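*Asks:* So here's input_24.cif, just mmCIF, C-alpha atoms:
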data_upload
loop_
_atom_site.group_PDB
_atom_site.id
_atom_site.type_symbol
_atom_site.label_atom_id
_atom_site.label_comp_id
_atom_site.auth_asym_id
_atom_site.auth_seq_id
_atom_site.Cartn_x
_atom_site.Cartn_y
_atom_site.Cartn_z
ATOM 1 C CA MET O 1 123.420 103.640 27.303
ATOM 2 C CA THR O 2 121.965 100.354 28.490
ATOM 3 C CA LYS O 3 118.318 100.182 27.483
ATOM 4 C CA ARG O 4 115.664 98.941 29.859
ATOM 5 C CA VAL O 5 112.661 96.670 29.423
ATOM 6 C CA VAL O 6 110.409 95.978 32.379
ATOM 7 C CA LEU O 7 107.697 93.518 33.332
ATOM 8 C CA ILE O 8 104.977 95.310 35.271
ATOM 9 C CA GLY O 9 102.632 93.200 37.346
ATOM 10 C CA HIS O 10 101.557 92.377 40.879
ATOM 11 C CA PRO O 11 103.186 90.004 41.756
ATOM 12 C CA VAL O 12 106.114 89.342 39.399
ATOM 13 C CA ALA O 13 108.690 87.727 41.704
ATOM 14 C CA HIS O 14 108.712 84.338 39.985
ATOM 15 C CA SER O 15 108.500 85.485 36.396
ATOM 16 C CA LEU O 16 109.884 83.268 33.654
ATOM 17 C CA SER O 17 110.000 86.132 31.165
ATOM 18 C CA GLY O 18 113.049 87.645 32.829
ATOM 19 C CA ALA O 19 115.345 84.710 32.094
ATOM 20 C CA MET O 20 113.940 84.236 28.602
ATOM 21 C CA GLN O 21 114.161 87.858 27.456
ATOM 22 C CA GLN O 22 117.559 88.564 29.024
ATOM 23 C CA ALA O 23 118.994 85.535 27.241
ATOM 24 C CA ALA O 24 117.564 86.864 23.978
ATOM 25 C CA PHE O 25 119.086 90.327 24.445
ATOM 26 C CA ASP O 26 122.472 88.854 25.346
ATOM 27 C CA SER O 27 122.438 86.437 22.408
ATOM 28 C CA ALA O 28 121.583 89.224 19.969
ATOM 29 C CA GLY O 29 124.268 91.523 21.359
ATOM 30 C CA ILE O 30 121.699 94.088 22.461
ATOM 31 C CA ASP O 31 122.725 96.212 25.432
ATOM 32 C CA ALA O 32 119.480 95.911 27.381
ATOM 33 C CA LYS O 33 118.392 94.811 30.823
ATOM 34 C CA TYR O 34 115.075 93.134 31.626
ATOM 35 C CA GLU O 35 113.688 94.198 35.003
ATOM 36 C CA LEU O 36 110.782 93.022 37.153
ATOM 37 C CA TRP O 37 108.560 95.771 38.549
ATOM 38 C CA ASP O 38 106.012 94.766 41.164
ATOM 39 C CA ARG O 39 103.498 97.590 41.033
ATOM 40 C CA SER O 40 100.105 97.685 42.712
ATOM 41 C CA PRO O 41 97.118 99.013 40.751
ATOM 42 C CA MET O 42 97.488 102.312 42.608
ATOM 43 C CA ALA O 43 101.084 102.648 41.365
ATOM 44 C CA LEU O 44 100.418 101.607 37.779
ATOM 45 C CA ALA O 45 99.878 105.086 36.278
ATOM 46 C CA ASP O 46 103.201 106.361 37.652
ATOM 47 C CA ALA O 47 104.989 103.299 36.288
ATOM 48 C CA ILE O 48 103.527 103.854 32.825
ATOM 49 C CA THR O 49 104.549 107.511 32.890
ATOM 50 C CA GLU O 50 108.128 106.480 33.728
ATOM 51 C CA LEU O 51 108.266 104.281 30.617
ATOM 52 C CA ARG O 52 108.175 107.374 28.405
ATOM 53 C CA GLY O 53 111.833 108.027 29.275
ATOM 54 C CA ASP O 54 114.496 107.588 26.606
ATOM 55 C CA ASP O 55 116.244 104.755 28.443
ATOM 56 C CA PHE O 56 113.286 102.381 27.920
ATOM 57 C CA LEU O 57 112.725 100.123 24.911
ATOM 58 C CA GLY O 58 109.338 99.120 26.227
ATOM 59 C CA ALA O 59 107.613 96.832 28.677
ATOM 60 C CA ASN O 60 105.597 93.718 29.272
ATOM 61 C CA ILE O 61 102.342 93.944 31.225
ATOM 62 C CA THR O 62 100.984 91.081 33.290
ATOM 63 C CA ILE O 63 98.247 90.493 35.864
ATOM 64 C CA PRO O 64 96.382 92.327 37.159
ATOM 65 C CA HIS O 65 97.121 95.212 34.796
ATOM 66 C CA LYS O 66 96.468 94.019 31.225
ATOM 67 C CA GLU O 67 93.069 95.647 31.007
ATOM 68 C CA ARG O 68 93.802 98.517 33.404
ATOM 69 C CA VAL O 69 96.662 99.797 31.243
ATOM 70 C CA VAL O 70 94.548 100.214 28.105
ATOM 71 C CA PRO O 71 93.422 103.818 28.752
ATOM 72 C CA MET O 72 96.943 104.818 29.828
ATOM 73 C CA VAL O 73 98.618 104.330 26.426
ATOM 74 C CA ASP O 74 98.540 106.568 23.361
ATOM 75 C CA ARG O 75 97.591 104.032 20.714
ATOM 76 C CA LEU O 76 96.465 100.406 20.535
ATOM 77 C CA THR O 77 97.223 97.900 17.795
ATOM 78 C CA ASP O 78 94.291 95.955 16.378
ATOM 79 C CA ASP O 79 94.820 92.888 18.604
ATOM 80 C CA ALA O 80 95.052 95.044 21.727
ATOM 81 C CA HIS O 81 92.040 97.146 20.753
ATOM 82 C CA ILE O 82 89.823 94.196 19.916
ATOM 83 C CA THR O 83 90.764 92.146 22.988
ATOM 84 C CA GLY O 84 90.750 95.138 25.324
ATOM 85 C CA ALA O 85 93.976 93.867 26.867
ATOM 86 C CA VAL O 86 97.650 94.830 26.518
ATOM 87 C CA ASN O 87 100.669 92.669 27.342
ATOM 88 C CA THR O 88 103.433 94.562 25.489
ATOM 89 C CA LEU O 89 104.322 98.248 25.229
ATOM 90 C CA THR O 90 106.641 99.896 22.712
ATOM 91 C CA ARG O 91 107.714 103.514 22.378
ATOM 92 C CA GLU O 92 107.390 105.930 19.464
ATOM 93 C CA GLY O 93 109.178 108.971 20.812
ATOM 94 C CA LYS O 94 107.308 109.784 24.010
ATOM 95 C CA ARG O 95 104.213 107.917 22.818
ATOM 96 C CA LEU O 96 103.397 104.443 24.155
ATOM 97 C CA ILE O 97 101.879 101.830 21.849
ATOM 98 C CA GLY O 98 99.916 98.928 23.335
ATOM 99 C CA HIS O 99 100.143 95.478 21.734
ATOM 100 C CA ASN O 100 98.734 92.049 22.523
ATOM 101 C CA THR O 101 101.225 89.339 21.573
ATOM 102 C CA ASP O 102 99.209 86.768 23.551
ATOM 103 C CA VAL O 103 96.984 86.366 20.494
ATOM 104 C CA PRO O 104 99.677 85.125 18.062
ATOM 105 C CA GLY O 105 101.303 83.194 20.920
ATOM 106 C CA PHE O 106 98.045 81.383 21.593
ATOM 107 C CA LYS O 107 97.586 80.530 17.926
ATOM 108 C CA VAL O 108 100.999 78.829 17.842
ATOM 109 C CA ALA O 109 100.111 76.839 20.961
ATOM 110 C CA LEU O 110 96.751 75.822 19.481
ATOM 111 C CA ASP O 111 98.351 74.699 16.220
ATOM 112 C CA LYS O 112 100.920 72.619 18.121
ATOM 113 C CA LEU O 113 98.168 70.961 20.166
ATOM 114 C CA VAL O 114 95.984 70.102 17.172
ATOM 115 C CA GLY O 115 98.931 69.010 15.042
ATOM 116 C CA LYS O 116 98.055 67.429 11.718
ATOM 117 C CA GLN O 117 94.413 66.914 12.604
ATOM 118 C CA LYS O 118 91.727 69.101 11.119
ATOM 119 C CA MET O 119 91.205 72.175 13.285
ATOM 120 C CA PRO O 120 88.022 71.766 15.353
ATOM 121 C CA ARG O 121 85.373 74.454 15.281
ATOM 122 C CA HIS O 122 83.914 74.159 18.804
ATOM 123 C CA ALA O 123 85.732 75.063 22.057
ATOM 124 C CA VAL O 124 85.150 75.416 25.790
ATOM 125 C CA VAL O 125 87.104 78.147 27.582
ATOM 126 C CA LEU O 126 87.492 78.332 31.363
ATOM 127 C CA GLY O 127 88.172 81.858 32.648
ATOM 128 C CA ALA O 128 87.334 85.411 31.619
ATOM 129 C CA GLY O 129 90.419 87.532 32.296
ATOM 130 C CA GLY O 130 92.950 89.096 29.942
ATOM 131 C CA GLY O 131 94.382 85.723 28.901
ATOM 132 C CA ALA O 132 90.918 84.372 28.157
ATOM 133 C CA ARG O 133 90.260 87.410 25.968
ATOM 134 C CA ALA O 134 93.321 86.588 23.867
ATOM 135 C CA VAL O 135 92.186 82.962 23.658
ATOM 136 C CA VAL O 136 88.638 83.806 22.589
ATOM 137 C CA TYR O 137 89.796 86.302 19.977
ATOM 138 C CA GLY O 138 92.317 83.773 18.679
ATOM 139 C CA LEU O 139 89.571 81.166 18.353
ATOM 140 C CA ILE O 140 87.274 83.637 16.579
ATOM 141 C CA THR O 141 89.963 84.530 14.046
ATOM 142 C CA GLU O 142 90.791 80.849 13.544
ATOM 143 C CA GLY O 143 87.243 80.315 12.316
ATOM 144 C CA PHE O 144 85.677 78.608 15.327
ATOM 145 C CA GLN O 145 81.889 78.515 15.114
ATOM 146 C CA ARG O 146 80.936 77.836 18.748
ATOM 147 C CA ILE O 147 82.774 78.995 21.881
ATOM 148 C CA ILE O 148 81.378 78.509 25.375
ATOM 149 C CA VAL O 149 82.935 80.518 28.205
ATOM 150 C CA PHE O 150 82.680 79.439 31.832
ATOM 151 C CA ASN O 151 83.743 81.609 34.747
ATOM 152 C CA ARG O 152 83.036 81.226 38.445
ATOM 153 C CA HIS O 153 81.591 84.713 38.395
ATOM 154 C CA LEU O 154 79.143 84.556 35.511
ATOM 155 C CA HIS O 155 78.985 88.315 35.033
ATOM 156 C CA ARG O 156 82.662 88.362 34.028
ATOM 157 C CA ALA O 157 82.068 85.721 31.353
ATOM 158 C CA GLU O 158 79.028 87.660 30.161
ATOM 159 C CA GLY O 159 81.159 90.806 29.991
ATOM 160 C CA LEU O 160 83.710 89.001 27.823
ATOM 161 C CA VAL O 161 80.991 87.768 25.475
ATOM 162 C CA LYS O 162 79.509 91.248 25.212
ATOM 163 C CA HIS O 163 82.950 92.701 24.484
ATOM 164 C CA PHE O 164 83.330 90.454 21.427
ATOM 165 C CA GLY O 165 79.734 90.869 20.271
ATOM 166 C CA ARG O 166 80.582 92.527 16.972
ATOM 167 C CA SER O 167 83.576 90.388 15.986
ATOM 168 C CA ALA O 168 81.674 87.216 16.966
ATOM 169 C CA SER O 169 78.424 88.148 15.230
ATOM 170 C CA HIS O 170 78.907 85.371 12.655
ATOM 171 C CA MET O 171 79.154 82.572 15.220
ATOM 172 C CA GLU O 172 77.898 81.380 18.617
ATOM 173 C CA LEU O 173 79.768 82.841 21.593
ATOM 174 C CA ARG O 174 78.034 82.226 24.921
ATOM 175 C CA ALA O 175 78.673 82.519 28.637
ATOM 176 C CA MET O 176 77.302 79.751 30.836
ATOM 177 C CA PRO O 177 77.047 79.203 34.616
ATOM 178 C CA TRP O 178 79.858 77.253 36.255
ATOM 179 C CA HIS O 179 77.927 74.039 36.995
ATOM 180 C CA GLU O 180 79.606 70.652 36.672
ATOM 181 C CA SER O 181 76.668 69.195 34.750
ATOM 182 C CA ILE O 182 76.660 72.078 32.255
ATOM 183 C CA ILE O 183 80.427 71.895 31.741
ATOM 184 C CA GLU O 184 80.194 68.120 31.263
ATOM 185 C CA ALA O 185 77.435 68.531 28.682
ATOM 186 C CA GLU O 186 79.479 71.073 26.736
ATOM 187 C CA LEU O 187 82.637 68.952 26.853
ATOM 188 C CA SER O 188 80.700 66.117 25.233
ATOM 189 C CA LYS O 189 80.066 68.402 22.243
ATOM 190 C CA THR O 190 83.574 69.787 21.772
ATOM 191 C CA LYS O 191 87.130 68.751 20.979
ATOM 192 C CA ILE O 192 88.968 71.723 22.507
ATOM 193 C CA LEU O 193 89.156 72.635 26.212
ATOM 194 C CA ILE O 194 91.263 75.627 27.239
ATOM 195 C CA ASN O 195 91.989 76.498 30.857
ATOM 196 C CA ALA O 196 92.642 80.227 31.140
ATOM 197 C CA THR O 197 92.159 80.325 34.927
ATOM 198 C CA SER O 198 94.911 80.171 37.535
ATOM 199 C CA ILE O 199 93.376 77.156 39.263
ATOM 200 C CA GLY O 200 96.108 74.535 39.679
ATOM 201 C CA LEU O 201 99.107 76.848 39.617
ATOM 202 C CA THR O 202 99.744 77.120 43.347
ATOM 203 C CA THR O 203 97.672 74.177 44.599
ATOM 204 C CA ASP O 204 96.942 70.646 43.417
ATOM 205 C CA GLU O 205 93.423 71.571 42.365
ATOM 206 C CA SER O 206 91.712 71.193 39.030
ATOM 207 C CA PRO O 207 89.042 73.564 37.764
ATOM 208 C CA ILE O 208 86.893 70.588 36.776
ATOM 209 C CA PRO O 209 86.488 67.000 38.041
ATOM 210 C CA ALA O 210 88.527 64.280 36.343
ATOM 211 C CA GLU O 211 85.462 62.165 35.633
ATOM 212 C CA ILE O 212 83.967 64.652 33.160
ATOM 213 C CA LEU O 213 87.065 64.590 30.935
ATOM 214 C CA ASN O 214 87.194 62.239 27.963
ATOM 215 C CA GLY O 215 89.761 60.828 25.587
ATOM 216 C CA ASP O 216 88.452 62.739 22.576
ATOM 217 C CA LEU O 217 89.473 66.094 24.036
ATOM 218 C CA MET O 218 92.478 68.233 23.240
ATOM 219 C CA VAL O 219 93.317 70.193 26.374
ATOM 220 C CA LEU O 220 95.423 73.371 26.467
ATOM 221 C CA ASP O 221 96.222 74.579 29.987
ATOM 222 C CA LEU O 222 97.768 78.050 29.949
ATOM 223 C CA ILE O 223 99.576 77.242 33.196
ATOM 224 C CA TYR O 224 103.188 76.197 32.583
ATOM 225 C CA ALA O 225 103.461 73.773 35.505
ATOM 226 C CA GLN O 226 102.225 70.194 35.264
ATOM 227 C CA THR O 227 98.813 70.700 36.823
ATOM 228 C CA ARG O 228 96.234 68.293 38.112
ATOM 229 C CA LEU O 229 94.037 69.140 35.122
ATOM 230 C CA GLN O 230 96.830 68.130 32.775
ATOM 231 C CA ARG O 231 97.440 64.872 34.644
ATOM 232 C CA ASP O 232 93.734 64.041 34.750
ATOM 233 C CA ALA O 233 93.325 64.795 31.046
ATOM 234 C CA LYS O 234 96.278 62.570 30.127
ATOM 235 C CA ALA O 235 94.861 59.773 32.276
ATOM 236 C CA ALA O 236 91.573 60.092 30.366
ATOM 237 C CA GLY O 237 93.448 59.690 27.083
ATOM 238 C CA ALA O 238 93.180 63.321 25.983
ATOM 239 C CA ALA O 239 95.891 65.173 24.082
ATOM 240 C CA VAL O 240 97.399 67.732 26.470
ATOM 241 C CA SER O 241 99.630 70.801 26.183
ATOM 242 C CA ASP O 242 100.731 73.338 28.785
ATOM 243 C CA GLY O 243 101.340 77.063 28.354
ATOM 244 C CA GLU O 244 105.022 76.971 27.425
ATOM 245 C CA ALA O 245 104.564 77.371 23.667
ATOM 246 C CA MET O 246 102.278 80.364 24.179
ATOM 247 C CA LEU O 247 104.736 81.939 26.609
ATOM 248 C CA LEU O 248 107.684 81.422 24.282
ATOM 249 C CA HIS O 249 106.017 82.773 21.168
ATOM 250 C CA GLN O 250 104.316 85.753 22.782
ATOM 251 C CA GLY O 251 107.728 86.605 24.249
ATOM 252 C CA ALA O 252 109.384 86.238 20.872
ATOM 253 C CA ALA O 253 106.824 88.588 19.324
ATOM 254 C CA SER O 254 107.499 91.135 22.086
ATOM 255 C CA PHE O 255 111.265 90.901 21.503
ATOM 256 C CA THR O 256 110.798 91.658 17.811
ATOM 257 C CA LEU O 257 108.578 94.643 18.569
ATOM 258 C CA TRP O 258 111.208 96.146 20.885
ATOM 259 C CA THR O 259 114.271 95.451 18.739
ATOM 260 C CA GLY O 260 113.144 95.089 15.131
ATOM 261 C CA GLN O 261 115.076 91.799 15.030
ATOM 262 C CA ALA O 262 113.917 88.210 14.664
ATOM 263 C CA ALA O 263 113.776 86.552 18.070
ATOM 264 C CA PRO O 264 116.371 83.833 18.849
ATOM 265 C CA LEU O 265 113.732 81.178 19.571
ATOM 266 C CA ASP O 266 116.217 78.417 20.372
ATOM 267 C CA VAL O 267 118.029 80.581 22.911
ATOM 268 C CA MET O 268 114.787 81.731 24.488
ATOM 269 C CA GLY O 269 113.448 78.193 24.626
ATOM 270 C CA GLU O 270 116.600 76.921 26.324
ATOM 271 C CA ALA O 271 116.525 79.726 28.893
ATOM 272 C CA LEU O 272 112.861 79.008 29.562
ATOM 273 C CA ALA O 273 113.520 75.295 30.039
ATOM 274 C CA THR O 274 116.427 76.020 32.404
ATOM 275 C CA ALA O 275 114.316 78.413 34.474
ATOM 276 C CA ARG O 276 111.518 75.867 34.716
ATOM 277 C CA ALA O 277 113.935 73.104 35.667
ATOM 278 C CA GLY O 278 115.243 75.355 38.432
ATOM 279 C CA GLY O 279 111.777 75.550 39.909
ATOM 280 C CA LEU O 280 110.670 78.946 38.583
ATOM 281 C CA ARG O 281 107.019 79.281 37.758
ATOM 282 C CA SER O 282 105.440 82.356 36.315
ATOM 283 C CA ALA O 283 103.660 84.792 38.555
ATOM 284 C CA GLU O 284 100.844 84.672 36.024
ATOM 285 C CA GLY O 285 97.590 83.782 37.688
ATOM 286 C CA GLU O 286 98.923 83.735 41.234
ATOM 287 C CA PRO O 287 96.896 85.433 43.975
ATOM 288 C CA THR O 288 97.240 89.209 44.030
ATOM 289 C CA GLY O 289 95.969 89.716 47.557
ATOM 290 C CA GLU O 290 92.284 89.912 46.671
ATOM 291 C CA PRO O 291 90.957 86.354 46.969
ATOM 292 C CA VAL O 292 87.975 85.396 44.883
ATOM 293 C CA PRO O 293 85.288 84.179 47.275
ATOM 294 C CA ALA O 294 83.939 80.697 46.736
ATOM 295 C CA GLU O 295 80.592 80.565 45.001
ATOM 296 C CA PRO O 296 77.655 79.199 47.013
ATOM 297 C CA ALA O 297 77.253 75.452 46.591
ATOM 298 C CA ALA O 298 74.176 75.929 44.442
ATOM 299 C CA GLU O 299 76.117 78.132 42.072
ATOM 300 C CA SER O 300 79.352 76.228 41.583
ATOM 301 C CA SER O 301 80.530 72.665 41.837
ATOM 302 C CA ALA O 302 84.165 73.773 41.704
ATOM 303 C CA PRO O 303 86.304 73.627 44.862
ATOM 304 C CA ALA O 304 86.933 76.842 46.744
ATOM 305 C CA THR O 305 90.170 78.577 45.802
ATOM 306 C CA ASP O 306 92.051 81.757 46.611
ATOM 307 C CA ALA O 307 93.367 81.984 43.075
ATOM 308 C CA VAL O 308 92.437 85.020 41.064
ATOM 309 C CA GLU O 309 90.366 84.172 38.008
ATOM 310 C CA ALA O 310 93.140 84.056 35.486
ATOM 311 C CA ASP O 311 93.742 87.440 34.276
ATOM 312 C CA ASP O 312 96.201 85.062 32.737
ATOM 313 C CA ALA O 313 97.076 81.790 34.199
ATOM 314 C CA ALA O 314 100.039 81.559 31.971
ATOM 315 C CA SER O 315 99.473 83.339 28.854
ATOM 316 C CA GLY O 316 103.034 84.304 29.142
ATOM 317 C CA ASP O 317 104.540 86.319 31.937
ATOM 318 C CA ALA O 318 103.916 89.157 29.624
ATOM 319 C CA GLY O 319 101.045 87.824 28.365
#
Do you think you could lay out the structure here as structure tokens?

*Replies:*
Amino acid sequence: MTKRVVLIGHPVAHSLSGAMQQAAFDSAGIDAKYELWDRSPMALADAITELRGDDFLGANITIPHKERVVPMVDRLTDDAHITGAVNTLTREGKRLIGHNTDVPGFKVALDKLVGKQKMPRHAVVLGAGGGARAVVYGLITEGFQRIIVFNRHLHRAEGLVKHFGRSASHMELRAMPWHESIIEAELSKTKILINATSIGLTTDESPIPAEILNGDLMVLDLIYAQTRLQRDAKAAGAAVSDGEAMLLHQGAASFTLWTGQAAPLDVMGEALATARAGGLRSAEGEPTGEPVPAEPAAESSAPATDAVEADDAASGDAG
């Protein structure tokens, strides 16, 4: 019987995970099909119930469901429990286990960005969704001592900080208002800037003005496309990386969880590159039909956008 793995999100039409995971199954000789399920929040519980059938190996979960799915599974791994977000499901009999492979995927991407330099200990994170949670937890476990989170809706950033209160008790984790002057001041104190919002995926916008970027920064944009933020950061002399490494490695971790086999990274990377060259961009971070209203001018210097605050700009289609 052909096994099934599904990506559950809303929307999922332009997912990159499909091409990547199907190539991996085919290369490994595994009789499995990777499907895209566009399910609204109202339909999520029924979709999760369906996954308990014997024909499923598991699933990937993407926006806007990574946090919503948490109470619907039977057990959470440590990364999923601590982040409060799930991007991969596996089955143990009829039981569903929630995992978060965004965390190890992010760590690979961070290591590739920093390279042979000494790992910094201060970071600025833009966004407060499921992808940002994986980023912040990854930074905490990498030994960062100061992490500042900005989100257009401050209460979401404050909620993220509160969520990690215990695991971040040894360091400074703070939420700050989305003001250009405050962001600029924090960027002058840090080496690492991570964009975990969807701003720049579907429009030529940047979450922050080019003039507040500097050449000392290392910028990781979780969006896979070449965004305005990435172009502006390169022009300022900063080291820049997009979300492809995180997508690839979170997907590889998911593949191993489903199959018990080492992921064929080369095959997955080639399939990912081909899909990107063909114009596919992940559905991660794209609008879900509930636009985020622009903040009043006094509250935000950022341009108005219809993009959802990245529940995961590109922390992998799954993640």

*Asks:* Just the number, please: distance in Å from CA of Gly159 (chain O) to CA of Gly84 (chain O), one decimal.

*Replies:*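 Separation of CA of Gly159 (chain O) and CA of Gly84 (chain O): 11.5 Å.
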
*Asks:* Between CA of His99 (chain O) and CA of Ala80 (chain O), what is the distance, to one decimal in Å?

*Replies:*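 These two atoms are separated by 5.1 Å.
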
*Asks:* At what distance in Å, to one decimal, does CA of Thr101 (chain O) lie from CA of Leu76 (chain O)?

*Replies:*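 Value for the CA of Leu76 (chain O)-CA of Thr101 (chain O) distance: 12.1 Å.
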
*Asks:* The centre and edge lengths of an axis-aligned box containing all atoms of region 253-264 of chain O present in the file, extended by 3 Å on each side, are to be given in Å to one decimal, as AutoDock Vina command-line options.

*Replies:*
--center_x 111.6 --center_y 90.0 --center_z 18.4 --size_x 15.5 --size_y 18.3 --size_z 13.4

*Asks:* Ranking O:Arg174, O:His155, O:Arg75, O:Lys191 by minimum distance to Met119 (chain O) and counting all atoms listed in the file, which one comes first?

*Replies:* O:Lys191

*Asks:* Can you translate the PyMOL selection byres ((chain O and resi 52-57) around 9) into the concrete residues it hits in this file, as a list in words?

*Replies:*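 That selection, the PyMOL selection byres ((chain O and resi 52-57) around 9), comes back as Met1, Thr2, Lys3, Arg4, Val5, Val6, Ala32, Ile48, Thr49, Glu50, Leu51, Gly58, Ala59, Leu89, Thr90, Arg91, Gly93, Lys94, Arg95, Leu96, Trp258 and Thr259 of chain O.
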
*Asks:* Of the residues O:Tyr34, O:Glu244, O:Ile82, O:Ala210, which is the one nearest to Arg231 (chain O), using all atoms listed in the file?

*Replies:*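 The closest residue to Arg231 (chain O) is O:Ala210.
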
*Asks:* Measuring between only C-alpha atoms, which one of O:Val149, O:Leu110, O:Thr77, O:Gln261 shows the shortest distance to Val219 (chain O)?

*Replies:*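 Under the stated criterion, the closest residue is O:Leu110.
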
*Asks:* Please return as a ChimeraX atom specification every residue within 12 Å of (99.9, 67.0, 20.2), taking into account all atoms listed in the file and the file's own coordinates.

*Replies:* /O:109-117,217-220,234,237-242,245

*Asks:* On this structure, the PyMOL selection byres ((chain O and resi 9) around 10) would catch which residues? List them as a ChimeraX atom specification, sorted by chain and number.

*Replies:* /O:6-8,10-13,15,36-41,44,60-66,283-284,288,317-318

*Asks:* Which residues, named as in the file, does the PyMOL selection byres ((chain O and resi 100) around 7) pick out? Answer as a list in words.

*Replies:*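 Checking the PyMOL selection byres ((chain O and resi 100) around 7) against this file, the residues are Asp79, Ala80, Ala85, Val86, Asn87, Thr88, His99, Thr101, Asp102 and Val103 of chain O.
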
*Asks:* Rebuild N, CA, C and O atoms on region 13-24 of chain O, as a PDB file, keeping the file's coordinate frame?

*Replies:*
ATOM      1  N   ALA O  13     107.440  88.244  41.125  1.00  0.00           N
ATOM      2  CA  ALA O  13     108.690  87.727  41.704  1.00  0.00           C
ATOM      3  C   ALA O  13     109.189  86.460  41.027  1.00  0.00           C
ATOM      4  O   ALA O  13     110.399  86.221  40.960  1.00  0.00           O
ATOM      5  N   HIS O  14     108.284  85.625  40.537  1.00  0.00           N
ATOM      6  CA  HIS O  14     108.712  84.338  39.985  1.00  0.00           C
ATOM      7  C   HIS O  14     108.545  84.274  38.470  1.00  0.00           C
ATOM      8  O   HIS O  14     108.315  83.221  37.896  1.00  0.00           O
ATOM      9  N   SER O  15     108.697  85.416  37.833  1.00  0.00           N
ATOM     10  CA  SER O  15     108.500  85.485  36.396  1.00  0.00           C
ATOM     11  C   SER O  15     109.506  84.638  35.634  1.00  0.00           C
ATOM     12  O   SER O  15     110.683  84.582  35.965  1.00  0.00           O
ATOM     13  N   LEU O  16     109.023  83.993  34.583  1.00  0.00           N
ATOM     14  CA  LEU O  16     109.884  83.268  33.654  1.00  0.00           C
ATOM     15  C   LEU O  16     110.342  84.170  32.512  1.00  0.00           C
ATOM     16  O   LEU O  16     111.330  83.868  31.845  1.00  0.00           O
ATOM     17  N   SER O  17     109.640  85.258  32.280  1.00  0.00           N
ATOM     18  CA  SER O  17     110.000  86.132  31.165  1.00  0.00           C
ATOM     19  C   SER O  17     111.377  86.749  31.343  1.00  0.00           C
ATOM     20  O   SER O  17     112.081  87.002  30.373  1.00  0.00           O
ATOM     21  N   GLY O  18     111.761  87.010  32.598  1.00  0.00           N
ATOM     22  CA  GLY O  18     113.049  87.645  32.829  1.00  0.00           C
ATOM     23  C   GLY O  18     114.198  86.848  32.256  1.00  0.00           C
ATOM     24  O   GLY O  18     115.037  87.376  31.507  1.00  0.00           O
ATOM     25  N   ALA O  19     114.262  85.565  32.587  1.00  0.00           N
ATOM     26  CA  ALA O  19     115.345  84.710  32.094  1.00  0.00           C
ATOM     27  C   ALA O  19     115.301  84.591  30.580  1.00  0.00           C
ATOM     28  O   ALA O  19     116.334  84.656  29.900  1.00  0.00           O
ATOM     29  N   MET O  20     114.110  84.444  30.037  1.00  0.00           N
ATOM     30  CA  MET O  20     113.940  84.236  28.602  1.00  0.00           C
ATOM     31  C   MET O  20     114.350  85.476  27.804  1.00  0.00           C
ATOM     32  O   MET O  20     115.107  85.389  26.830  1.00  0.00           O
ATOM     33  N   GLN O  21     113.872  86.644  28.216  1.00  0.00           N
ATOM     34  CA  GLN O  21     114.161  87.858  27.456  1.00  0.00           C
ATOM     35  C   GLN O  21     115.612  88.312  27.641  1.00  0.00           C
ATOM     36  O   GLN O  21     116.234  88.794  26.680  1.00  0.00           O
ATOM     37  N   GLN O  22     116.169  88.162  28.835  1.00  0.00           N
ATOM     38  CA  GLN O  22     117.559  88.564  29.024  1.00  0.00           C
ATOM     39  C   GLN O  22     118.489  87.708  28.181  1.00  0.00           C
ATOM     40  O   GLN O  22     119.460  88.207  27.585  1.00  0.00           O
ATOM     41  N   ALA O  23     118.197  86.413  28.095  1.00  0.00           N
ATOM     42  CA  ALA O  23     118.994  85.535  27.241  1.00  0.00           C
ATOM     43  C   ALA O  23     118.913  85.964  25.783  1.00  0.00           C
ATOM     44  O   ALA O  23     119.904  85.910  25.049  1.00  0.00           O
ATOM     45  N   ALA O  24     117.738  86.412  25.361  1.00  0.00           N
ATOM     46  CA  ALA O  24     117.564  86.864  23.978  1.00  0.00           C
ATOM     47  C   ALA O  24     118.369  88.135  23.711  1.00  0.00           C
ATOM     48  O   ALA O  24     119.050  88.246  22.683  1.00  0.00           O
TER      49      ALA O  24
END
